[in-house]
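Undergrad: Structure file query_30.pdb (PDB, C-alpha atoms and all ligand atoms) is given on the next line.
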ATOM      1  CA  MET G1075     -42.296 -14.407   2.595  1.00  0.00           C
ATOM      2  CA  ALA G1076     -38.859 -13.141   1.591  1.00  0.00           C
ATOM      3  CA  THR G1077     -38.371 -11.265   4.860  1.00  0.00           C
ATOM      4  CA  HIS G1078     -39.045 -14.398   6.915  1.00  0.00           C
ATOM      5  CA  GLY G1079     -37.186 -16.635   4.512  1.00  0.00           C
ATOM      6  CA  ARG G1080     -33.716 -17.150   5.924  1.00  0.00           C
ATOM      7  CA  PRO G1081     -33.633 -17.235   9.717  1.00  0.00           C
ATOM      8  CA  GLN G1082     -30.118 -18.766   9.740  1.00  0.00           C
ATOM      9  CA  LEU G1083     -28.775 -15.877   7.656  1.00  0.00           C
ATOM     10  CA  ARG G1084     -30.414 -13.285   9.906  1.00  0.00           C
ATOM     11  CA  ALA G1085     -29.038 -15.020  12.991  1.00  0.00           C
ATOM     12  CA  LEU G1086     -25.574 -15.020  11.419  1.00  0.00           C
ATOM     13  CA  VAL G1087     -25.779 -11.300  10.633  1.00  0.00           C
ATOM     14  CA  ALA G1088     -27.029 -10.549  14.159  1.00  0.00           C
ATOM     15  CA  ALA G1089     -24.220 -12.633  15.698  1.00  0.00           C
ATOM     16  CA  SER G1090     -21.667 -10.793  13.566  1.00  0.00           C
ATOM     17  CA  VAL G1091     -22.957  -7.401  14.676  1.00  0.00           C
ATOM     18  CA  VAL G1092     -22.945  -8.502  18.319  1.00  0.00           C
ATOM     19  CA  SER G1093     -19.390  -9.828  18.046  1.00  0.00           C
ATOM     20  CA  LEU G1094     -18.295  -6.509  16.551  1.00  0.00           C
ATOM     21  CA  CYS G1095     -19.786  -4.678  19.522  1.00  0.00           C
ATOM     22  CA  ALA G1096     -18.441  -7.164  22.066  1.00  0.00           C
ATOM     23  CA  ALA G1097     -15.049  -5.491  22.525  1.00  0.00           C
ATOM     24  CA  VAL G1098     -16.216  -2.938  25.047  1.00  0.00           C
ATOM     25  CA  TRP G1099     -14.015  -1.513  27.769  1.00  0.00           C
ATOM     26  CA  ASP G1100     -15.086  -2.909  31.148  1.00  0.00           C
ATOM     27  CA  GLN G1101     -13.529   0.059  32.817  1.00  0.00           C
ATOM     28  CA  LEU G1102     -11.778   2.879  31.071  1.00  0.00           C
ATOM     29  CA  PRO G1103      -8.064   3.015  31.848  1.00  0.00           C
ATOM     30  CA  GLU G1104      -6.821   5.803  34.060  1.00  0.00           C
ATOM     31  CA  LEU G1105      -5.783   8.859  32.148  1.00  0.00           C
ATOM     32  CA  PRO G1106      -2.496  10.474  33.095  1.00  0.00           C
ATOM     33  CA  PRO G1107      -3.000  13.528  35.343  1.00  0.00           C
ATOM     34  CA  ASP G1108      -1.420  15.856  32.797  1.00  0.00           C
ATOM     35  CA  TYR G1109      -3.649  14.558  30.012  1.00  0.00           C
ATOM     36  CA  VAL G1110      -5.171  17.237  27.830  1.00  0.00           C
ATOM     37  CA  LYS G1111      -8.053  16.183  25.677  1.00  0.00           C
ATOM     38  CA  PRO G1112      -7.387  17.029  22.025  1.00  0.00           C
ATOM     39  CA  THR G1113      -9.777  19.511  20.507  1.00  0.00           C
ATOM     40  CA  THR G1114      -8.613  19.311  16.890  1.00  0.00           C
ATOM     41  CA  PHE G1115      -7.548  16.480  14.634  1.00  0.00           C
ATOM     42  CA  LYS G1116      -4.081  18.006  14.486  1.00  0.00           C
ATOM     43  CA  GLU G1117      -3.684  17.606  18.236  1.00  0.00           C
ATOM     44  CA  LYS G1118      -4.982  14.038  18.272  1.00  0.00           C
ATOM     45  CA  HIS G1119      -2.487  11.266  18.860  1.00  0.00           C
ATOM     46  CA  TRP G1120      -3.055   8.735  16.078  1.00  0.00           C
ATOM     47  CA  GLY G1121      -0.852   6.033  17.539  1.00  0.00           C
ATOM     48  CA  GLN G1122      -2.048   2.448  17.431  1.00  0.00           C
ATOM     49  CA  TRP G1123      -3.470   1.128  20.710  1.00  0.00           C
ATOM     50  CA  CYS G1124      -2.341  -2.316  21.807  1.00  0.00           C
ATOM     51  CA  ARG G1125      -4.844  -3.665  24.286  1.00  0.00           C
ATOM     52  CA  ASN G1126      -5.079  -6.819  26.299  1.00  0.00           C
ATOM     53  CA  PHE G1127      -8.287  -7.065  28.286  1.00  0.00           C
ATOM     54  CA  THR G1128      -7.067 -10.139  30.170  1.00  0.00           C
ATOM     55  CA  THR G1129      -3.968  -8.507  31.602  1.00  0.00           C
ATOM     56  CA  ALA G1130      -5.544  -5.025  31.542  1.00  0.00           C
ATOM     57  CA  ARG G1131      -2.438  -3.616  29.896  1.00  0.00           C
ATOM     58  CA  HIS G1132      -3.031  -0.932  27.321  1.00  0.00           C
ATOM     59  CA  THR G1133      -0.219   0.816  25.524  1.00  0.00           C
ATOM     60  CA  GLN G1134      -0.310   3.363  22.767  1.00  0.00           C
ATOM     61  CA  CYS G1135       2.398   3.130  20.141  1.00  0.00           C
ATOM     62  CA  PRO G1136       4.087   6.151  18.586  1.00  0.00           C
ATOM     63  CA  GLN G1137       2.459   7.518  15.494  1.00  0.00           C
ATOM     64  CA  GLY G1138       3.314   5.983  12.166  1.00  0.00           C
ATOM     65  CA  SER G1139       4.175   7.737   8.948  1.00  0.00           C
ATOM     66  CA  PHE G1140       3.760   7.114   5.247  1.00  0.00           C
ATOM     67  CA  PHE G1141       6.717   4.741   5.464  1.00  0.00           C
ATOM     68  CA  HIS G1142       6.208   2.900   8.736  1.00  0.00           C
ATOM     69  CA  TRP G1143       3.604   1.846  11.247  1.00  0.00           C
ATOM     70  CA  TYR G1144       3.385  -0.028  14.506  1.00  0.00           C
ATOM     71  CA  THR G1145       1.717  -3.332  15.121  1.00  0.00           C
ATOM     72  CA  CYS G1146       0.981  -5.039  18.414  1.00  0.00           C
ATOM     73  CA  CYS G1147       3.262  -7.847  19.436  1.00  0.00           C
ATOM     74  CA  GLY G1148       4.871  -9.409  22.490  1.00  0.00           C
ATOM     75  CA  ALA G1149       3.684 -12.146  24.833  1.00  0.00           C
ATOM     76  CA  ASP G1150       0.498 -10.325  25.836  1.00  0.00           C
ATOM     77  CA  ASN G1151       0.196  -8.426  22.550  1.00  0.00           C
ATOM     78  CA  THR G1152       0.674  -5.004  24.157  1.00  0.00           C
ATOM     79  CA  GLU G1153       4.121  -4.120  22.854  1.00  0.00           C
ATOM     80  CA  CYS G1154       4.721  -2.120  19.708  1.00  0.00           C
ATOM     81  CA  CYS G1155       6.614  -3.577  16.803  1.00  0.00           C
ATOM     82  CA  ILE G1156       7.669  -1.406  13.908  1.00  0.00           C
ATOM     83  CA  GLY G1157       6.609  -2.386  10.421  1.00  0.00           C
ATOM     84  CA  ILE G1158       6.661  -0.971   6.924  1.00  0.00           C
ATOM     85  CA  GLN G1159       3.455   0.439   5.481  1.00  0.00           C
ATOM     86  CA  THR G1160       1.834  -1.830   2.918  1.00  0.00           C
ATOM     87  CA  THR G1161       1.117   1.156   0.674  1.00  0.00           C
ATOM     88  CA  PHE G1162       4.784   2.057   0.716  1.00  0.00           C
ATOM     89  CA  ILE G1163       5.795  -1.539  -0.071  1.00  0.00           C
ATOM     90  CA  VAL G1164       3.369  -1.650  -3.009  1.00  0.00           C
ATOM     91  CA  ILE G1165       4.511   1.714  -4.398  1.00  0.00           C
ATOM     92  CA  PHE G1166       8.174   0.830  -3.867  1.00  0.00           C
ATOM     93  CA  PHE G1167       7.641  -2.535  -5.556  1.00  0.00           C
ATOM     94  CA  TRP G1168       6.057  -1.009  -8.661  1.00  0.00           C
ATOM     95  CA  PHE G1169       8.613   1.765  -8.771  1.00  0.00           C
ATOM     96  CA  SER G1170      11.359  -0.908  -8.727  1.00  0.00           C
ATOM     97  CA  VAL G1171       9.615  -2.910 -11.445  1.00  0.00           C
ATOM     98  CA  ILE G1172       9.366   0.171 -13.686  1.00  0.00           C
ATOM     99  CA  ALA G1173      12.977   1.147 -12.951  1.00  0.00           C
ATOM    100  CA  LEU G1174      14.166  -2.374 -13.770  1.00  0.00           C
ATOM    101  CA  PHE G1175      12.138  -2.377 -16.979  1.00  0.00           C
ATOM    102  CA  CYS G1176      13.697   0.946 -17.988  1.00  0.00           C
ATOM    103  CA  CYS G1177      17.196  -0.385 -17.243  1.00  0.00           C
ATOM    104  CA  ILE G1178      16.663  -3.514 -19.350  1.00  0.00           C
ATOM    105  CA  TRP G1179      15.054  -1.467 -22.147  1.00  0.00           C
ATOM    106  CA  GLY G1180      17.972   0.971 -22.071  1.00  0.00           C
ATOM    107  CA  LEU G1181      20.518  -1.848 -22.287  1.00  0.00           C
ATOM    108  CA  LEU G1182      18.661  -3.442 -25.194  1.00  0.00           C
ATOM    109  CA  LEU G1183      18.643  -0.082 -26.994  1.00  0.00           C
ATOM    110  CA  HIS G1184      22.281   0.565 -26.187  1.00  0.00           C
ATOM    111  CA  TYR G1185      23.458  -2.739 -27.612  1.00  0.00           C
ATOM    112  CA  ASP G1186      21.228  -2.385 -30.697  1.00  0.00           C
ATOM    113  CA  LEU G1187      19.240  -5.467 -29.780  1.00  0.00           C
ATOM    114  CA  ILE G1188      16.006  -3.577 -30.417  1.00  0.00           C
ATOM    115  CA  TYR G1189      15.421  -0.683 -32.813  1.00  0.00           C
ATOM    116  CA  PRO G1190      18.966  -0.836 -34.259  1.00  0.00           C
ATOM    117  CA  ARG G1191      20.441   2.544 -35.096  1.00  0.00           C
ATOM    118  CA  LYS G1192      21.703   1.418 -38.494  1.00  0.00           C
ATOM    119  CA  ASP G1193      18.818   0.307 -40.640  1.00  0.00           C
ATOM    120  CA  THR G1194      20.792  -2.060 -42.850  1.00  0.00           C
ATOM    121  CA  ARG G1195      17.846  -2.817 -45.134  1.00  0.00           C
ATOM    122  CA  LYS G1196      17.269   0.850 -45.959  1.00  0.00           C
ATOM    123  CA  ALA G1197      21.006   1.448 -46.469  1.00  0.00           C
ATOM    124  CA  LYS G1198      21.118  -1.389 -49.010  1.00  0.00           C
ATOM    125  CA  GLN G1199      18.131   0.058 -50.866  1.00  0.00           C
ATOM    126  CA  LEU G1200      19.860   3.413 -51.096  1.00  0.00           C
ATOM    127  CA  GLU G1201      23.068   1.819 -52.341  1.00  0.00           C
ATOM    128  CA  GLN G1202      21.188   0.023 -55.101  1.00  0.00           C
ATOM    129  CA  GLY G1203      19.561   3.221 -56.276  1.00  0.00           C
ATOM    130  CA  GLU G1204      16.079   2.227 -55.283  1.00  0.00           C
ATOM    131  CA  TYR G1205      15.626   5.559 -53.627  1.00  0.00           C
ATOM    132  CA  SER G1206      13.735   7.965 -55.797  1.00  0.00           C
ATOM    133  CA  PRO G1207      13.543  11.470 -54.444  1.00  0.00           C
ATOM    134  CA  VAL G1208      10.450  13.549 -55.028  1.00  0.00           C
ATOM    135  CA  PRO G1209      11.165  16.039 -57.819  1.00  0.00           C
ATOM    136  CA  PRO G1210      11.101  19.670 -56.672  1.00  0.00           C
ATOM    137  CA  ARG G1211       7.847  21.428 -57.308  1.00  0.00           C
ATOM    138  CA  VAL G1212       8.031  23.864 -60.184  1.00  0.00           C
ATOM    139  CA  CYS G1213       6.581  27.040 -59.104  1.00  0.00           C
ATOM    140  CA  CYS G1214       4.443  29.341 -61.409  1.00  0.00           C
TER     141      CYS G1214
HETATM  142  C1  LIG L   1      -3.310 -11.221  26.786  1.00  0.00           C
HETATM  143  O1  LIG L   1      -2.277 -11.672  27.613  1.00  0.00           O
HETATM  144  C2  LIG L   1      -2.375 -13.042  27.976  1.00  0.00           C
HETATM  145  C3  LIG L   1      -1.302 -13.339  28.961  1.00  0.00           C
HETATM  146  O2  LIG L   1      -0.044 -12.900  28.518  1.00  0.00           O
HETATM  147  C4  LIG L   1      -2.266 -13.873  26.698  1.00  0.00           C
HETATM  148  O3  LIG L   1      -2.347 -15.261  27.009  1.00  0.00           O
HETATM  149  C5  LIG L   1      -3.379 -13.498  25.735  1.00  0.00           C
HETATM  150  O4  LIG L   1      -3.224 -14.205  24.523  1.00  0.00           O
HETATM  151  C6  LIG L   1      -3.361 -12.006  25.503  1.00  0.00           C
HETATM  152  N1  LIG L   1      -4.538 -11.636  24.726  1.00  0.00           N
HETATM  153  C7  LIG L   1      -4.435 -11.128  23.498  1.00  0.00           C
HETATM  154  C8  LIG L   1      -5.722 -10.727  22.855  1.00  0.00           C
HETATM  155  O5  LIG L   1      -3.393 -10.979  22.936  1.00  0.00           O
END
Translate the structure of the given file into structure tokens.
TA:
Amino acid sequence: MATHGRPQLRALVAASVVSLCAAVWDQLPELPPDYVKPTTFKEKHWGQWCRNFTTARHTQCPQGSFFHWYTCCGADNTECCIGIQTTFIVIFFWFSVIALFCCIWGLLLHYDLIYPRKDTRKAKQLEQGEYSPVPPRVCC
């Protein structure tokens, strides 16, 4: 009963799978005559492909790095636009937040706004003779 229960859900899943498989090349683009097929991952060009099936223009962007990447843009979405990696933005953001926190903390410490260097309460206690040192241990 459960397997035949939700035909709408199964149709939705099937439609999703089909739509994922729908972007198939009608005809593979011509490879340049001097093209050498990579045999290792090191040789592989990892640049982003910007494809437009309507205009049949396909361009491969330069490879990105930890700091930057390329996204597709332009009128027919086949040009490469440089962008900053999200990972880098996130790391840079948190690094800045921590650095700013340290700066503010340092200033607060410097101007004795937190953890003041002179503990006035303790100094007063000492002045009034409230301090009682531990007598030295008598040995033997
Ligand atoms: C492909 O190019 C056409 C014509 O410039 C444009 O109208 C269309 O939106 C592009 N398709 C994609 C997926 O960007």
Undergrad: List as a count of residues only the protein and nucleic acid residues lying within 6 Å of ligand LIG 1 (chain L), with all atoms listed in the file counted.
TA: 6
Undergrad: Please, which residues are within 7 Å of (6.3, -0.8, 9.3) by the file's coordinates, counting only C-alpha atoms, and could they come as a PyMOL selection string?
TA: chain G and resi 1141-1144+1156-1159
Undergrad: Selection from above, C-alpha atoms, as a PDB file, in the frame of the given file, can you write it?
TA:
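After the write, out_30.pdb holds the following:
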ATOM      1  CA  PHE G1141       6.717   4.741   5.464  1.00  0.00           C
ATOM      2  CA  HIS G1142       6.208   2.900   8.736  1.00  0.00           C
ATOM      3  CA  TRP G1143       3.604   1.846  11.247  1.00  0.00           C
ATOM      4  CA  TYR G1144       3.385  -0.028  14.506  1.00  0.00           C
ATOM      5  CA  ILE G1156       7.669  -1.406  13.908  1.00  0.00           C
ATOM      6  CA  GLY G1157       6.609  -2.386  10.421  1.00  0.00           C
ATOM      7  CA  ILE G1158       6.661  -0.971   6.924  1.00  0.00           C
ATOM      8  CA  GLN G1159       3.455   0.439   5.481  1.00  0.00           C
TER       9      GLN G1159
END
Undergrad: Hey, can you check how far atom CA of Phe1140 of chain G sits from atom CA of Cys1154 of chain G?
TA: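 Here the two named atoms are 17.2 Å from each other.
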Undergrad: State, in Å with one decimal place, the distance from atom CA of Thr1152 of chain G to atom CA of Arg1125 of chain G.
TA: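 If I compute the distance from atom CA of Thr1152 of chain G to atom CA of Arg1125 of chain G, I get 5.7 Å.
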Undergrad: For the structure shown, which residues end up in the PyMOL selection byres (((chain G and resi 1123) around 8) and not hetatm)? Put them as a list in words, please?
TA: Gly1121, Gln1122, Cys1124, Arg1125, His1132, Thr1133, Gln1134, Cys1135 and Cys1146 of chain G
Undergrad: Which value, in Å to one decimal, gives the distance between atom CA of Val1110 of chain G and atom CA of Ala1130 of chain G?
TA: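 For atom CA of Val1110 of chain G relative to atom CA of Ala1130 of chain G, the distance reads 22.6 Å.
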Undergrad: Leaving out Glu1104 of chain G and any residue of its chain fewer than 2 positions from it, which residues lie within 12 Å of it when counting all atoms listed in the file, given as a VMD selection string?
TA: chain G and resid 1101 to 1102 1106 to 1109 1130 to 1133
